[in-house]
Amino acid sequence: MTEEQRQILIKAQQGEVNAALMYQRLADLVRDRKIAEQLRLIGREEGKHGSIFYRLTNEKLQVGDREAKAITMIYRIIGAKLTFKFLAAQEMSAAKRYAEVMDDFHEMVQIRLDEENHSGILEELSKKAGYRC
């Protein structure tokens, strides 16, 4: 692995571990139990992705809560529908970034597929959700 690839993976690892916390915190705000469970599931999968990146980078990272604080504030301001739509776009963006390094790291194939699935789940949630759910 080149140093440039390692830095890309470390950045992705940080994003995944931060996202795990973010989805857990968002789930805590949501009143609808089914939606909260779907958010928790996404959060657990993001945590698994962080573990996969750890195996690749061997870099122990601190979980940052900036994204969790930001997304919970965004949720309170613009509501569930737009928050989920925003997160769906973020997940798809991650999937596209991961596709760029899939050839060098086979582990990225499943992570990319998971991110695309997360995007789909969040799109569906945005269609079902009212302002607050």
# chains A, B, ... in the order shown; residues from 1 in each chain; ligands from 1

$ residues_around --residues "region 28-35 of chain A" --least-positions-apart "4" --cutoff "10 Å" --atoms "only C-alpha atoms" --output "list in words"
Met22, Tyr23, Gln24, Leu39, Arg40, Leu41, Thr72, Tyr75, Arg76, Ala80, Ile121, Leu122, Leu125, Lys128, Ala129, Arg132 and Cys133 of chain A

$ write_last_selection --atoms "N, CA and C atoms" --output "PDB file, in the first residue's frame"
ATOM      1  N   MET A  22     -22.803   9.142  14.730  1.00  0.00           N
ATOM      2  CA  MET A  22     -23.812  10.062  14.223  1.00  0.00           C
ATOM      3  C   MET A  22     -25.171   9.370  14.058  1.00  0.00           C
ATOM      4  N   TYR A  23     -25.172   8.178  13.463  1.00  0.00           N
ATOM      5  CA  TYR A  23     -26.438   7.475  13.260  1.00  0.00           C
ATOM      6  C   TYR A  23     -27.045   7.029  14.583  1.00  0.00           C
ATOM      7  N   GLN A  24     -26.217   6.663  15.550  1.00  0.00           N
ATOM      8  CA  GLN A  24     -26.745   6.280  16.862  1.00  0.00           C
ATOM      9  C   GLN A  24     -27.402   7.482  17.542  1.00  0.00           C
ATOM     10  N   LEU A  39     -31.895   3.381  11.519  1.00  0.00           N
ATOM     11  CA  LEU A  39     -30.737   4.251  11.708  1.00  0.00           C
ATOM     12  C   LEU A  39     -29.669   3.556  12.544  1.00  0.00           C
ATOM     13  N   ARG A  40     -30.100   2.823  13.574  1.00  0.00           N
ATOM     14  CA  ARG A  40     -29.131   2.083  14.399  1.00  0.00           C
ATOM     15  C   ARG A  40     -28.434   0.994  13.582  1.00  0.00           C
ATOM     16  N   LEU A  41     -29.178   0.337  12.700  1.00  0.00           N
ATOM     17  CA  LEU A  41     -28.590  -0.676  11.836  1.00  0.00           C
ATOM     18  C   LEU A  41     -27.520  -0.054  10.935  1.00  0.00           C
ATOM     19  N   THR A  72     -27.525  16.217  14.277  1.00  0.00           N
ATOM     20  CA  THR A  72     -28.663  16.310  15.188  1.00  0.00           C
ATOM     21  C   THR A  72     -29.206  17.743  15.217  1.00  0.00           C
ATOM     22  N   TYR A  75     -31.129  18.125  11.974  1.00  0.00           N
ATOM     23  CA  TYR A  75     -32.416  17.424  12.115  1.00  0.00           C
ATOM     24  C   TYR A  75     -33.425  18.306  12.850  1.00  0.00           C
ATOM     25  N   ARG A  76     -32.974  18.933  13.920  1.00  0.00           N
ATOM     26  CA  ARG A  76     -33.883  19.779  14.696  1.00  0.00           C
ATOM     27  C   ARG A  76     -34.341  21.003  13.904  1.00  0.00           C
ATOM     28  N   ALA A  80     -36.797  15.741   9.570  1.00  0.00           N
ATOM     29  CA  ALA A  80     -36.366  14.393   9.189  1.00  0.00           C
ATOM     30  C   ALA A  80     -36.235  14.227   7.683  1.00  0.00           C
ATOM     31  N   ILE A 121     -31.933   3.176   1.730  1.00  0.00           N
ATOM     32  CA  ILE A 121     -32.749   3.168   2.958  1.00  0.00           C
ATOM     33  C   ILE A 121     -33.097   4.602   3.354  1.00  0.00           C
ATOM     34  N   LEU A 122     -32.110   5.481   3.334  1.00  0.00           N
ATOM     35  CA  LEU A 122     -32.341   6.863   3.740  1.00  0.00           C
ATOM     36  C   LEU A 122     -33.261   7.597   2.768  1.00  0.00           C
ATOM     37  N   LEU A 125     -36.646   6.462   3.750  1.00  0.00           N
ATOM     38  CA  LEU A 125     -37.042   7.123   4.995  1.00  0.00           C
ATOM     39  C   LEU A 125     -37.455   8.564   4.731  1.00  0.00           C
ATOM     40  N   LYS A 128     -40.996   8.656   3.603  1.00  0.00           N
ATOM     41  CA  LYS A 128     -41.984   8.281   4.613  1.00  0.00           C
ATOM     42  C   LYS A 128     -42.071   9.290   5.760  1.00  0.00           C
ATOM     43  N   ALA A 129     -40.981   9.972   6.012  1.00  0.00           N
ATOM     44  CA  ALA A 129     -40.889  10.799   7.212  1.00  0.00           C
ATOM     45  C   ALA A 129     -41.648  12.102   7.054  1.00  0.00           C
ATOM     46  N   ARG A 132     -41.028  15.720  11.679  1.00  0.00           N
ATOM     47  CA  ARG A 132     -40.432  14.995  12.803  1.00  0.00           C
ATOM     48  C   ARG A 132     -41.011  13.592  12.788  1.00  0.00           C
ATOM     49  N   CYS A 133     -40.186  12.640  13.008  1.00  0.00           N
ATOM     50  CA  CYS A 133     -40.707  11.271  13.035  1.00  0.00           C
ATOM     51  C   CYS A 133     -40.286  10.603  14.326  1.00  0.00           C
TER      52      CYS A 133
END

$ closest_residue --among "A:Glu46, A:Glu67, A:Glu37, A:Glu4" --to "Gln110 (chain A)" --atoms "only C-alpha atoms"
A:Glu46

$ atom_distance --atom1 "CA of Ile42 (chain A)" --atom2 "CA of Val63 (chain A)"
16.4 Å

$ atom_distance --atom1 "CA of Lys48 (chain A)" --atom2 "CA of Gln13 (chain A)"
10.1 Å

$ closest_residue --among "A:Glu45, A:Glu3, A:Asp104, A:Glu116" --to "Val17 (chain A)" --atoms "only C-alpha atoms"
A:Glu45

$ atom_distance --atom1 "CA of Thr2 (chain A)" --atom2 "CA of Ala99 (chain A)"
17.5 Å
